[in-house]
Each structure stands twice: as C-alpha cells, then as structure tokens.
$ cat protein.txt   # compact mmCIF, C-alpha atoms
# COMPACT_ATOMS: atom_id res chain seq x y z
CA HIS A 1 0.00 0.00 0.00
CA THR A 2 2.82 2.38 0.94
CA ALA A 3 4.63 1.55 -2.28
CA GLY A 4 1.47 2.33 -4.23
CA MET A 5 1.15 5.73 -2.57
CA TYR A 6 4.79 6.43 -3.36
CA ASN A 7 4.33 5.58 -7.03
CA ARG A 8 1.43 8.04 -7.28
CA HIS A 9 3.23 10.96 -5.63
CA ALA A 10 7.01 10.52 -5.88
CA PRO A 11 8.57 12.43 -8.79
CA ARG A 12 10.26 10.28 -11.37
CA ALA A 13 13.82 11.13 -12.31
CA SER A 14 12.86 11.86 -15.90
CA ALA A 15 10.03 14.18 -14.79
CA ILE A 16 12.21 16.45 -12.67
CA ASP A 17 13.23 19.60 -14.49
CA THR A 18 16.59 20.87 -13.27
CA ARG A 19 15.10 24.35 -13.51
CA ASP A 20 13.12 23.45 -10.37
CA LEU A 21 16.39 23.17 -8.48
CA GLN A 22 17.53 26.53 -9.83
CA ARG A 23 14.23 28.15 -8.81
CA GLU A 24 14.36 26.65 -5.31
CA LEU A 25 17.96 27.78 -4.85
CA GLU A 26 17.01 31.30 -5.90
CA GLU A 27 14.07 31.31 -3.47
CA TYR A 28 16.46 30.49 -0.64
CA ARG A 29 19.04 33.07 -1.63
CA ASP A 30 17.97 35.31 1.28
CA VAL A 31 18.50 32.40 3.69
CA ILE A 32 21.95 31.77 2.29
CA ASP A 33 22.88 35.48 2.30
CA ALA A 34 21.71 35.82 5.91
CA TRP A 35 23.84 32.84 6.87
CA VAL A 36 26.83 34.36 5.09
CA ASP A 37 26.35 37.66 6.95
CA GLU A 38 26.01 35.89 10.30
CA ASN A 39 29.26 33.96 9.84
CA ALA A 40 31.08 37.03 8.56
CA GLN A 41 29.88 39.09 11.54
CA ARG A 42 30.95 36.34 13.95
CA ALA A 43 34.41 36.30 12.35
CA ARG A 44 34.62 40.10 12.59
CA ARG A 45 33.60 40.03 16.25
CA LEU A 46 36.32 37.51 17.02
CA ARG A 47 38.83 39.57 15.06
CA ASP A 48 37.82 42.73 16.93
CA ALA A 49 38.21 40.92 20.28
CA HIS A 50 41.73 39.85 19.33
CA GLU A 51 42.55 43.37 18.20
CA ARG A 52 41.43 44.72 21.59
CA GLU A 53 43.49 42.07 23.39
CA LEU A 54 46.51 42.93 21.25
CA HIS A 55 46.03 46.64 22.08
CA ASN A 56 45.88 45.85 25.81
CA LEU A 57 49.01 43.71 25.63
CA GLU A 58 50.90 46.41 23.75
CA ARG A 59 49.85 48.98 26.38
CA GLU A 60 51.00 46.64 29.16
CA TYR A 61 54.27 46.15 27.28
CA GLU A 62 54.80 49.93 27.16
CA GLN A 63 54.03 50.21 30.88
CA LEU A 64 56.63 47.55 31.69
CA ILE A 65 59.19 49.39 29.58
CA ALA A 66 58.45 52.57 31.54
CA ARG A 67 58.72 50.61 34.80
CA GLU A 68 62.07 49.20 33.76
CA ARG A 69 63.36 52.70 33.04
CA GLU A 70 62.01 53.98 36.36
CA LEU A 71 63.70 51.18 38.31
CA SER A 72 66.96 51.66 36.46
CA ALA A 73 66.85 55.38 37.24
CA ARG A 74 66.10 54.64 40.89
CA ALA A 75 69.03 52.26 41.09
CA ALA A 76 71.31 54.92 39.65
CA GLU A 77 70.03 57.52 42.12
CA ASN A 78 70.51 55.17 45.06
CA GLN A 79 74.04 54.45 43.97
CA ALA A 80 74.78 58.17 43.83
CA ASP A 81 73.29 58.65 47.29
CA ALA A 82 75.50 55.87 48.66
CA GLU A 83 78.58 57.62 47.33
CA ARG A 84 77.52 61.02 48.71
CA TYR A 85 76.32 59.92 52.13
CA GLU A 86 78.70 57.54 53.83
CA MET A 87 76.52 57.18 56.91
CA GLU A 88 73.59 56.02 54.81
CA ALA A 89 75.70 53.86 52.54
CA GLU A 90 74.48 50.51 53.87
CA GLN A 91 70.81 51.42 53.55
CA ALA A 92 71.38 52.88 50.11
CA ARG A 93 73.18 49.69 49.00
CA GLU A 94 70.23 47.57 50.20
CA GLU A 95 67.77 49.72 48.27
CA THR A 96 70.02 49.64 45.25
CA GLN A 97 70.27 45.85 45.38
CA ALA A 98 66.49 45.48 45.67
CA ALA A 99 65.95 47.80 42.73
CA ARG A 100 68.50 45.91 40.66
CA GLU A 101 66.82 42.58 41.42
CA LEU A 102 63.51 43.98 40.27
CA ALA A 103 65.12 45.43 37.17
CA ASP A 104 66.96 42.17 36.42
CA GLY A 105 63.65 40.26 36.38
CA LEU A 106 62.00 42.61 33.93
CA PRO A 107 63.75 41.36 30.76
CA GLU A 108 62.24 37.90 31.31
CA GLN A 109 58.80 39.43 31.84
CA LEU A 110 59.25 41.55 28.73
CA ALA A 111 60.34 38.53 26.69
CA ALA A 112 57.25 36.59 27.84
CA LEU A 113 55.04 39.55 27.00
CA ARG A 114 56.63 39.92 23.59
CA ALA A 115 55.87 36.24 22.94
CA ARG A 116 52.23 36.82 23.92
CA VAL A 117 52.03 39.84 21.64
CA ASP A 118 53.47 37.76 18.76
CA ASP A 119 50.97 34.97 19.45
CA GLU A 120 48.08 37.43 19.41
CA ARG A 121 49.31 38.94 16.14
CA ARG A 122 49.51 35.47 14.55
CA MET A 123 46.01 34.64 15.81
CA LEU A 124 44.68 37.94 14.48
CA ASN A 125 46.21 37.26 11.07
CA ALA A 126 44.65 33.81 11.08
CA MET A 127 41.26 35.34 11.91
CA ARG A 128 41.66 37.81 9.04
CA ASP A 129 42.45 34.93 6.67
CA LYS A 130 39.40 33.08 7.95
CA THR A 131 37.27 36.19 7.41
CA ASN A 132 38.43 36.32 3.79
CA GLY A 133 37.23 32.75 3.23
CA ALA A 134 34.13 33.04 5.39
CA SER A 135 31.78 33.90 2.53
CA ALA A 136 32.28 30.62 0.65
CA LEU A 137 32.21 28.62 3.86
CA ALA A 138 28.99 30.27 5.00
CA LYS A 139 27.38 29.52 1.65
CA LEU A 140 28.24 25.85 2.11
CA ASP A 141 26.86 25.89 5.67
CA ALA A 142 23.66 27.66 4.60
CA LEU A 143 22.81 24.96 2.08
CA LYS A 144 22.40 22.53 4.98
CA HIS A 145 19.46 24.54 6.35
CA ALA A 146 17.46 24.04 3.18
CA SER A 147 17.86 20.24 3.31
CA LYS A 148 14.27 19.40 4.35
CA MET A 149 12.78 21.33 1.46
CA TYR A 150 15.13 19.67 -1.02
CA ALA A 151 14.50 16.20 0.42
CA ASP A 152 10.71 16.57 0.24
CA ARG A 153 10.44 18.09 -3.20
CA LEU A 154 13.53 17.00 -5.14
CA GLY A 155 14.81 13.92 -3.31
CA LEU A 156 17.97 15.75 -2.23
CA ARG A 157 19.25 15.88 1.34
CA PHE A 158 22.33 17.37 2.97
CA GLU A 159 24.45 15.61 5.59
CA TYR A 160 26.89 17.86 7.43
CA GLY A 161 29.84 15.92 8.92
CA ALA A 162 33.16 16.42 10.64
CA GLU A 163 35.95 18.62 9.27
CA GLU A 164 33.44 20.93 7.51
CA LYS A 165 32.39 18.13 5.14
CA LEU A 166 29.05 18.39 3.33
CA ARG A 167 27.53 15.26 1.77
CA LEU A 168 24.71 15.59 -0.79
CA VAL A 169 22.50 12.53 -1.31
CA PHE A 170 20.13 12.28 -4.30
CA LYS A 171 17.09 10.08 -4.93
CA PHE A 172 14.75 10.01 -7.96
CA ILE A 173 17.80 9.66 -10.24
CA ASP A 174 17.24 6.16 -11.60
CA GLU A 175 13.85 6.02 -13.33
CA PHE A 176 13.50 2.31 -12.55
CA ALA A 177 14.83 2.51 -8.98
CA PRO A 178 13.80 5.95 -7.67
CA GLU A 179 14.81 5.13 -4.07
CA ARG A 180 18.38 4.29 -5.09
CA GLU A 181 20.78 6.84 -3.61
CA PHE A 182 23.55 8.67 -5.44
CA SER A 183 25.87 10.89 -3.43
CA PHE A 184 28.98 13.05 -3.33
CA GLY A 185 30.83 14.85 -0.54
CA VAL A 186 32.64 18.20 -0.59
CA ARG A 187 34.60 20.36 1.82
CA LEU A 188 36.36 23.71 1.64
CA ASP A 189 40.08 24.36 1.60
CA GLY A 190 40.16 28.12 2.18
CA ALA A 191 37.66 29.35 -0.44
CA THR A 192 38.11 26.34 -2.77
CA TYR A 193 35.76 23.36 -2.96
CA GLU A 194 37.25 19.86 -3.12
CA ILE A 195 35.59 16.45 -3.63
CA VAL A 196 36.10 13.91 -0.83
CA GLU A 197 33.77 11.17 -2.11
CA CYS A 198 31.51 10.32 -5.05
CA GLU A 199 29.25 7.24 -5.23
CA PRO A 200 29.00 5.98 -7.89
CA GLU A 201 32.18 7.42 -9.35
CA LEU A 202 31.78 9.90 -12.21
CA ASP A 203 34.39 10.45 -14.90
CA VAL A 204 33.35 14.10 -15.22
CA ILE A 205 33.38 15.02 -11.53
CA ASP A 206 36.86 16.63 -11.61
CA ALA A 207 35.96 18.79 -14.63
CA LEU A 208 32.70 19.89 -12.99
CA LEU A 209 34.57 20.76 -9.79
CA ARG A 210 37.12 22.90 -11.66
CA GLU A 211 34.29 24.85 -13.27
CA CYS A 212 32.60 25.31 -9.88
CA ASN A 213 35.78 26.73 -8.33
CA ARG A 214 36.27 29.00 -11.33
CA THR A 215 32.74 30.46 -11.21
CA ASN A 216 31.98 29.92 -7.47
CA ASP A 217 28.49 28.76 -8.58
CA PHE A 218 27.77 25.87 -6.23
CA GLY A 219 24.11 25.64 -7.27
CA LYS A 220 25.06 24.97 -10.90
CA PHE A 221 27.61 22.41 -9.73
CA VAL A 222 24.87 20.50 -7.86
CA ARG A 223 22.62 20.52 -10.94
CA ASP A 224 25.45 19.36 -13.22
CA VAL A 225 26.39 16.51 -10.88
CA ARG A 226 22.74 15.43 -10.74
CA LYS A 227 22.61 15.33 -14.54
CA ALA A 228 25.81 13.28 -14.58
CA PHE A 229 24.26 10.79 -12.13
CA GLN A 230 21.19 10.52 -14.37
CA ALA A 231 23.41 9.84 -17.39
CA HIS A 232 25.35 7.25 -15.41
CA ALA A 233 22.14 5.46 -14.37
CA ALA A 234 20.83 5.43 -17.94
CA ALA A 235 24.17 4.14 -19.27
CA SER A 236 24.24 1.42 -16.61
CA ARG A 237 20.80 0.18 -17.70
CA GLY A 238 21.96 0.15 -21.31
CA ARG A 239 24.90 -2.12 -20.49
CA ARG A 240 22.65 -4.73 -18.81
$ encode --input "protein.txt" --output "structure tokens"
Amino acid sequence: HTAGMYNRHAPRASAIDTRDLQRELEEYRDVIDAWVDENAQRARRLRDAHERELHNLEREYEQLIARERELSARAAENQADAERYEMEAEQAREETQAARELADGLPEQLAALRARVDDERRMLNAMRDKTNGASALAKLDALKHASKMYADRLGLRFEYGAEEKLRLVFKFIDEFAPEREFSFGVRLDGATYEIVECEPELDVIDALLRECNRTNDFGKFVRDVRKAFQAHAAASRGRR
C-alpha cells in the first residue's frame, strides 16, 4: 500500500526539471545570504576581540618598559646617594640591590610579554584569513538549512559531517529505482571546494569541480552533478 502511494506521488527522475532546483535555490538566496552575513559578523567580532586584546598587551608592554626605566633610574640615584652619604651607605646599598633585582627580572617578563604579543598577532592574522574565506564557507553551511525542502520536493538531502564536510545525497535519479541513492561529498580548503567522495564514481566530476571553483556557482555544480548521475544510471541500464 505504501509503495502504491509512493508511485502516485514521488517524482520520477525523468520528470524532474533541473530548472526546479535553480528556482528553489534562488528562493532560498535570502537564507543563504543571511547565513553568510552571520558567519562574517561572527568572524569580525572575534577579530575585533583579538585586536582589543593585542592593544591591551601592547599597552601593558609599554608600561613595563616605563617601569624598567624607572627602576633603572632609581638604582642609579641610590648608587649616587651611597657615594655622597657615607653614613647612609648601607641602607642605600640595600635599596640599590632590591631595585636591581627587580630590574633584572624585567627582561624575562618583557620577553614573555613579547611572545604573547606575537601569538596574538599570529592569531589575528589567522582570523583575518578566515574572514576572507568566510563567505564561501557560509554559503556551504547555509545549504544545509534548506535540506528538508530539497528532500521533500527533489529527493535531495544534505548531511553535514566532521571537518566541515558536506555530503549531498540524491534520490529520484534512476527512473526504474527511484529510491536508489547517489551521493557526493565536498569540503572547503580556504575558499576552494574539493571532492572527498563520489558514489557511484563519475568520470566528469573533476571537470565539474574545476568549473565550480572557477565560477563559485555551487548551485550549478549541484545541478550538473545530478545530470551526470542521471546519465550514469541510464548508461548502466543500457549495459545490462
């Protein structure tokens, strides 16, 4: 009974116009753009926080430099007092020694602070690099949120995995086995898409991927891969 209901309502692979996918992607452009903006704003907030931390560390560094100069000057003054006032020589020497011990410890503190400043600068640069690639990454993330609509209407679902991997699974490809699943997985390296899996394998997948990275049109890439799966299914039936 369930199978009968499916046959009445499920779209057949040959009946699905790829223009439907283009129309649905365009309808969800606002969702994707909002997701892009959200990720970009998050990256900017993190970058701004690191910039503030770097500013605070640089100010602390300048204060320690001033403190080092102050202690060095105090040590010099105490030494002069010891030479001028013999009766107070012992006390002056003790103060001088204490000041020198404080001053001697400052280079290590300054070195540690310099290392922290360098670490913050490297982290800030990394955040800036991430911000530059955030737009493409956010587009990939946003596609996941439209997965239910695609699954219901076009037999396409998104599976979001570890290491920023996105897996797209198609049904309604094989006219004679509409529930058979065809899939491929992608992830981002910076702002460049790369294929991590394709089942079944497609001879044209590398060429389609190069075109996607050239145009940054992920929607067209999905449609082209779907067509390639349809051609593969038809060719497989012809060889039987």
$ residues_around --input "protein.txt" --residues "Cys198 (chain A)" --least-positions-apart "5" --cutoff "7 Å" --atoms "all atoms listed in the file" --output "JSON, numbers by chain"
{"A": [183, 184, 185]}
$ atom_distance --input "protein.txt" --atom1 "CA of Lys220 (chain A)" --atom2 "CA of Arg19 (chain A)"
10.3 Å
$ residues_around --input "protein.txt" --residues "region 230-233 of chain A" --least-positions-apart "3" --cutoff "9 Å" --atoms "all atoms listed in the file" --output "list in words"
Ala13, Ser14, Ile173, Asp174, Glu175, Pro200, Leu202, Val225, Arg226, Lys227, Ser236, Arg237 and Gly238 of chain A
$ write_last_selection --input "protein.txt" --atoms "C-alpha atoms" --output "mmCIF file, in the frame of the given file"
data_model
loop_
_atom_site.group_PDB
_atom_site.id
_atom_site.type_symbol
_atom_site.label_atom_id
_atom_site.label_comp_id
_atom_site.auth_asym_id
_atom_site.auth_seq_id
_atom_site.Cartn_x
_atom_site.Cartn_y
_atom_site.Cartn_z
ATOM 1 C CA ALA A 13 13.820 11.130 -12.310
ATOM 2 C CA SER A 14 12.860 11.860 -15.900
ATOM 3 C CA ILE A 173 17.800 9.660 -10.240
ATOM 4 C CA ASP A 174 17.240 6.160 -11.600
ATOM 5 C CA GLU A 175 13.850 6.020 -13.330
ATOM 6 C CA PRO A 200 29.000 5.980 -7.890
ATOM 7 C CA LEU A 202 31.780 9.900 -12.210
ATOM 8 C CA VAL A 225 26.390 16.510 -10.880
ATOM 9 C CA ARG A 226 22.740 15.430 -10.740
ATOM 10 C CA LYS A 227 22.610 15.330 -14.540
ATOM 11 C CA SER A 236 24.240 1.420 -16.610
ATOM 12 C CA ARG A 237 20.800 0.180 -17.700
ATOM 13 C CA GLY A 238 21.960 0.150 -21.310
#
$ residues_around --input "protein.txt" --residues "Glu181 (chain A)" --least-positions-apart "5" --cutoff "7 Å" --atoms "all atoms listed in the file" --output "compact mmCIF listing (two decimals) with C-alpha atoms, keeping the file's coordinate frame"
# COMPACT_ATOMS: atom_id res chain seq x y z
CA VAL A 169 22.50 12.53 -1.31
CA PHE A 170 20.13 12.28 -4.30
CA LYS A 171 17.09 10.08 -4.93
$ residues_around --input "protein.txt" --residues "Leu166 (chain A)" --least-positions-apart "5" --cutoff "6 Å" --atoms "all atoms listed in the file" --output "count of residues only"
4
$ atom_distance --input "protein.txt" --atom1 "CA of Phe176 (chain A)" --atom2 "CA of Ala234 (chain A)"
9.6 Å
$ atom_distance --input "protein.txt" --atom1 "CA of Glu194 (chain A)" --atom2 "CA of Asn213 (chain A)"
8.7 Å
$ closest_residue --input "protein.txt" --among "A:Arg157, A:Arg122, A:Arg74, A:Arg67" --to "Arg93 (chain A)" --atoms "only C-alpha atoms"
A:Arg74
$ residues_around --input "protein.txt" --residues "Asn216 (chain A)" --least-positions-apart "3" --cutoff "9 Å" --atoms "all atoms listed in the file" --output "list of chain:residue names"
A:Ala136, A:Thr192, A:Tyr193, A:Glu211, A:Cys212, A:Asn213, A:Gly219, A:Phe221
$ closest_residue --input "protein.txt" --among "A:Arg121, A:Ala126, A:Glu164, A:Phe218" --to "Arg44 (chain A)" --atoms "all atoms listed in the file"
A:Ala126
$ closest_residue --input "protein.txt" --among "A:Asp217, A:Glu120, A:Glu70, A:Asp206" --to "Asp48 (chain A)" --atoms "all atoms listed in the file"
A:Glu120
$ closest_residue --input "protein.txt" --among "A:Arg84, A:Asn56, A:Val222, A:Arg167" --to "Glu197 (chain A)" --atoms "all atoms listed in the file"
A:Arg167
$ closest_residue --input "protein.txt" --among "A:Arg47, A:Arg52, A:Arg210, A:Arg153" --to "Leu21 (chain A)" --atoms "all atoms listed in the file"
A:Arg153
$ axis_aligned_box --input "protein.txt" --around "region 39-52 of chain A" --padding-each-side "8 Å" --output "lines of an AutoDock Vina configuration file"
center_x = 35.9
center_y = 39.3
center_z = 15.1
size_x = 29.3
size_y = 26.8
size_z = 29.0
$ residues_near_point --input "protein.txt" --point "(42.6, 39.7, 21.7)" --cutoff "12 Å" --atoms "all atoms listed in the file" --output "list in words"
Arg45, Leu46, Arg47, Asp48, Ala49, His50, Glu51, Arg52, Glu53, Leu54, His55, Asn56, Leu57, Glu58, Arg116, Val117, Asp118, Asp119, Glu120, Arg121, Arg122, Met123, Leu124, Asn125 and Met127 of chain A
